[in-house]
Amino acid sequence: MQFDYPARRERIARALALNHEVLLIGAGHPIPKPEISDALLPFIAHQEYYYLTGHTEAIGGILAYDPRDAKWTSFVPEVTELDRVWEGREQIPGVLLAGFPDWLAARRDRPVVMLGAPIAGVSCDEARSAAIREEYKHARRPKEPAEVELMKRGAAATAAGYAKIQPWLRAGVSERTLQIELETEYFRHGAQCTGYDTIIGAGLQSAVFHGSPSPDRLLQDGDFVLIDSGAQVDRYVTDVTRTYGIGRLSGFQRDLYQAVLGAQQRACERCRPGMEWKDLHFTTAADMMCSLAAMGVVRGDPHLLVEQDVHTLFYPHGLGHMVGLGVRDASGLEPGRARDPRPSLRSLRMDLVLRAGYIVTVEPGLYLIPAILRDPGRRQRYAKVVNWDLVDQHLHIGGVRIEDNILVTAGEPVNLTAAIPKSLA
């Protein structure tokens, strides 16, 4: 995918509105593997650098900007003969890094703002750098049309993976087998890697948010199996969760699934310009509390239950986050806002007003997590509003999460991952 990097840099320069500061953005350096060898972990250029250069292999690269002449200079590593022989690298266009010290020395009387990875031997105005980082992040939030097209490619590869595993959703199959089939299909459809470590959990493991798939855990009749995985294409990430049922599920399990599905679909529909993400999070929590009340799990007015944080017993994470150049790309706070200190929001990844061009994940879930629900303090606090006997009967089932990637537009929201069916079977 070809991006117009000069136009992007010009737009970012206008957004940052620097006057006399020198802006430096570091690509970073590889990290050695923790072993006695000369091997390195795979190098990933810092996303703040990559966004303005598109250079994936610029080890130690520095993008510099001087607002006095409105000029960007890309300092890049010199590719050696060994680099060409051992890794097949080609020279990246730009000024060789050997020229950076002189460039910086000519501006020694100017304050430095630094983004990306730290640059050895260069100090910066840390407070000003933190403020500029927030402005930069906010300017990157709306996706350009070319970025949206790239996200669609990633979503298509992800959909192919989820389609591939459908015949494998049966008792006796391991979590690891599902992972192999899923990820292999991503690669067949253009992905370079997964956007993050694939999460697959069967049975009680479906309520472990970042659990790793195991070759030893087998799907069993009556299990939920939760799969949270997505393809990465040219650094852009798709982030999808589906929960499936294996064999015959109980009526309680089916009701729990429908509670999440209905709330998730309504939340997706509400992803429109001007919507406060925090309000949408609480609205979705109340939606699911209404369903849990109908199931007999909780008692009381759903909105009052949310005010009392009862929802955090069953829905302890946030509604979602931004996604794009990274799995939580440019999430965070609306400019000028401080983080909401309420404990129930500690896992809410963003507090933003939605705008056209934003791509967000919408991923509510309901879980029966023993570590939370067996806590004596919570049982005492919520003794009157939770049917603990009913909870105890179902502590073995795990949980349900459903997640899509939604593009906010000036009109109807667009579900980029709609091709992945949301069905128990």
# chains A, B, ... in the order shown; residues from 1 in each chain; ligands from 1
>>> select_by_dssp(residues="segment 204-257 of chain A", states="helix (DSSP H, G or I)", output="PyMOL selection string")
chain A and resi 204-207+251-257
>>> write_last_selection(atoms="N, CA and C atoms", output="CSV table (one decimal), in the first residue's frame")
chain,number,residue,atom,x,y,z
A,204,LEU,N,-13.5,-23.3,31.0
A,204,LEU,CA,-13.2,-22.3,31.9
A,204,LEU,C,-12.2,-21.3,31.4
A,205,GLN,N,-11.3,-21.8,30.5
A,205,GLN,CA,-10.2,-20.9,30.0
A,205,GLN,C,-10.8,-19.8,29.1
A,206,SER,N,-12.0,-19.9,28.7
A,206,SER,CA,-12.6,-18.9,27.9
A,206,SER,C,-12.8,-17.6,28.6
A,207,ALA,N,-12.6,-17.6,29.9
A,207,ALA,CA,-12.7,-16.4,30.8
A,207,ALA,C,-11.4,-15.9,31.2
A,251,GLY,N,-29.2,-23.9,28.4
A,251,GLY,CA,-30.0,-22.7,28.2
A,251,GLY,C,-29.4,-21.5,28.8
A,252,PHE,N,-28.7,-21.6,29.9
A,252,PHE,CA,-28.0,-20.5,30.5
A,252,PHE,C,-26.9,-20.0,29.6
A,253,GLN,N,-26.2,-20.9,29.1
A,253,GLN,CA,-25.1,-20.5,28.2
A,253,GLN,C,-25.6,-19.8,26.9
A,254,ARG,N,-26.7,-20.3,26.4
A,254,ARG,CA,-27.3,-19.6,25.2
A,254,ARG,C,-27.8,-18.2,25.5
A,255,ASP,N,-28.4,-18.1,26.7
A,255,ASP,CA,-28.9,-16.8,27.1
A,255,ASP,C,-27.7,-15.8,27.3
A,256,LEU,N,-26.6,-16.3,27.9
A,256,LEU,CA,-25.5,-15.5,28.1
A,256,LEU,C,-24.9,-15.0,26.8
A,257,TYR,N,-24.8,-15.9,25.9
A,257,TYR,CA,-24.3,-15.5,24.5
A,257,TYR,C,-25.2,-14.4,23.9
>>> closest_atom_pairs(of="segment 100-217 of chain A", to="segment 325-330 of chain A", cutoff="7 Å", atoms="only C-alpha atoms", output="CSV")
residue,atom,partner,partner_atom,distance
A:Lys137,CA,A:Ala330,CA,5.4
A:Arg141,CA,A:Ala330,CA,6.0
A:Gly195,CA,A:Val327,CA,6.5
>>> write_last_selection(atoms="C-alpha atoms", output="JSON list (two decimals), in the first residue's frame")
[["chain", "number", "residue", "atom", "x", "y", "z"],
["A", 137, "LYS", "CA", -1.38, 10.78, 18.71],
["A", 141, "ARG", "CA", -6.43, 9.02, 15.05],
["A", 195, "GLY", "CA", -1.42, -8.59, 15.09]]
>>> atom_distance(atom1="atom CA of Trp388 of chain A", atom2="atom CA of Leu373 of chain A")
8.7 Å
>>> select_by_dssp(residues="segment 208-400 of chain A", states="strand (DSSP E)", output="PyMOL selection string")
chain A and resi 224-229+231-233+236-237+240-245+359-362+365-367+399-400
>>> atom_distance(atom1="atom CA of Pro343 of chain A", atom2="atom CA of Leu395 of chain A")
24.0 Å
>>> residues_around(residues="segment 400-406 of chain A", least_positions_apart="6", cutoff="7 Å", atoms="only C-alpha atoms", output="ChimeraX atom specification")
/A:226,239-243,257,260-261,264,268,359-367,413-417
>>> residues_around(residues="Gln220 of chain A", least_positions_apart="3", cutoff="7 Å", atoms="only C-alpha atoms", output="PyMOL selection string")
chain A and resi 171-172+223+246
>>> write_last_selection(atoms="N, CA, C and O atoms", output="PDB file, in the first residue's frame")
ATOM      1  N   ALA A 171     -15.587 -31.385  19.540  1.00  0.00           N
ATOM      2  CA  ALA A 171     -14.974 -32.024  20.705  1.00  0.00           C
ATOM      3  C   ALA A 171     -13.764 -32.857  20.283  1.00  0.00           C
ATOM      4  O   ALA A 171     -13.774 -33.513  19.242  1.00  0.00           O
ATOM      5  N   GLY A 172     -12.730 -32.808  21.119  1.00  0.00           N
ATOM      6  CA  GLY A 172     -11.524 -33.586  20.879  1.00  0.00           C
ATOM      7  C   GLY A 172     -10.421 -32.834  20.175  1.00  0.00           C
ATOM      8  O   GLY A 172      -9.279 -33.313  20.118  1.00  0.00           O
ATOM      9  N   ASP A 223     -18.714 -26.969  25.869  1.00  0.00           N
ATOM     10  CA  ASP A 223     -17.771 -25.876  26.109  1.00  0.00           C
ATOM     11  C   ASP A 223     -18.121 -24.629  25.303  1.00  0.00           C
ATOM     12  O   ASP A 223     -18.577 -24.721  24.159  1.00  0.00           O
ATOM     13  N   ILE A 246     -19.520 -25.672  21.606  1.00  0.00           N
ATOM     14  CA  ILE A 246     -19.146 -27.010  21.174  1.00  0.00           C
ATOM     15  C   ILE A 246     -20.223 -27.989  21.638  1.00  0.00           C
ATOM     16  O   ILE A 246     -20.487 -28.104  22.844  1.00  0.00           O
TER      17      ILE A 246
END
>>> residues_around(residues="His396 of chain A", least_positions_apart="5", cutoff="9 Å", atoms="only C-alpha atoms", output="JSON, numbers by chain")
{"A": [203, 204, 368, 369, 370]}
>>> write_last_selection(atoms="C-alpha atoms", output="compact mmCIF listing (two decimals), in the first residue's frame")
# COMPACT_ATOMS: atom_id res chain seq x y z
CA GLY A 203 -14.29 -24.15 28.83
CA LEU A 204 -13.22 -22.26 31.95
CA LEU A 368 -17.98 -16.08 35.27
CA ILE A 369 -14.47 -15.70 36.65
CA PRO A 370 -13.84 -17.62 39.88
>>> closest_residue(among="A:Ala146, A:Ile36, A:Leu280, A:Val385", to="Gln2 of chain A", atoms="only C-alpha atoms")
A:Ala146
>>> residues_around(residues="segment 71-79 of chain A", least_positions_apart="6", cutoff="12 Å", atoms="only C-alpha atoms", output="JSON, numbers by chain")
{"A": [5, 6, 7, 8, 9, 10, 12, 13, 22, 23, 24, 25, 26, 27, 28, 29, 49, 50, 52, 53, 54, 55, 56, 57, 58, 59, 60, 61, 62, 63, 64, 65, 85, 86, 87, 88, 89, 90, 91, 92, 93, 94, 95, 96, 97, 98, 99, 100, 101, 102, 103, 104]}
>>> residues_around(residues="His303 of chain A", least_positions_apart="4", cutoff="10 Å", atoms="only C-alpha atoms", output="list in words")
Phe282, Thr283, Ala285, Ala286, Asp287, Met289, Cys290, Glu307, Gln308, Asp309, Val310 and His311 of chain A
>>> write_last_selection(atoms="N, CA, C and O atoms", output="short mmCIF file (atom, residue, chain, number, x, y, z; two decimals), in the first residue's frame")
data_model
loop_
_atom_site.label_atom_id
_atom_site.label_comp_id
_atom_site.auth_asym_id
_atom_site.auth_seq_id
_atom_site.Cartn_x
_atom_site.Cartn_y
_atom_site.Cartn_z
N PHE A 282 -20.69 2.58 29.36
CA PHE A 282 -21.67 2.41 30.44
C PHE A 282 -23.04 2.00 29.89
O PHE A 282 -23.75 1.19 30.51
N THR A 283 -23.42 2.54 28.73
CA THR A 283 -24.69 2.13 28.12
C THR A 283 -24.69 0.64 27.81
O THR A 283 -25.68 -0.07 28.04
N ALA A 285 -22.81 -1.64 29.27
CA ALA A 285 -22.82 -2.36 30.54
C ALA A 285 -24.25 -2.48 31.07
O ALA A 285 -24.66 -3.57 31.53
N ALA A 286 -25.02 -1.40 31.01
CA ALA A 286 -26.41 -1.45 31.47
C ALA A 286 -27.24 -2.38 30.60
O ALA A 286 -28.13 -3.09 31.10
N ASP A 287 -26.97 -2.39 29.31
CA ASP A 287 -27.65 -3.29 28.38
C ASP A 287 -27.46 -4.74 28.84
O ASP A 287 -28.42 -5.53 28.92
N MET A 289 -26.53 -5.77 31.84
CA MET A 289 -27.14 -5.97 33.16
C MET A 289 -28.64 -6.24 33.04
O MET A 289 -29.21 -7.01 33.81
N CYS A 290 -29.27 -5.60 32.06
CA CYS A 290 -30.69 -5.85 31.81
C CYS A 290 -30.91 -7.32 31.46
O CYS A 290 -31.84 -7.97 31.97
N GLU A 307 -24.23 1.89 38.30
CA GLU A 307 -23.73 2.93 39.21
C GLU A 307 -23.06 2.32 40.44
O GLU A 307 -22.12 2.89 41.00
N GLN A 308 -23.53 1.14 40.85
CA GLN A 308 -22.95 0.45 42.00
C GLN A 308 -21.77 -0.45 41.60
O GLN A 308 -21.23 -1.16 42.44
N ASP A 309 -21.40 -0.43 40.33
CA ASP A 309 -20.29 -1.24 39.80
C ASP A 309 -20.56 -2.73 39.83
O ASP A 309 -19.62 -3.55 39.76
N VAL A 310 -21.83 -3.13 39.90
CA VAL A 310 -22.15 -4.56 39.88
C VAL A 310 -21.70 -5.19 38.56
O VAL A 310 -21.28 -6.36 38.53
N HIS A 311 -21.75 -4.42 37.50
CA HIS A 311 -21.38 -4.97 36.20
C HIS A 311 -19.94 -5.46 36.16
O HIS A 311 -19.61 -6.37 35.39
#
>>> closest_residue(among="A:Glu126, A:Asp197, A:Asp221, A:Asp301", to="Met288 of chain A", atoms="only C-alpha atoms")
A:Asp301
>>> atom_distance(atom1="atom CA of Ala425 of chain A", atom2="atom CA of Gln258 of chain A")
12.9 Å
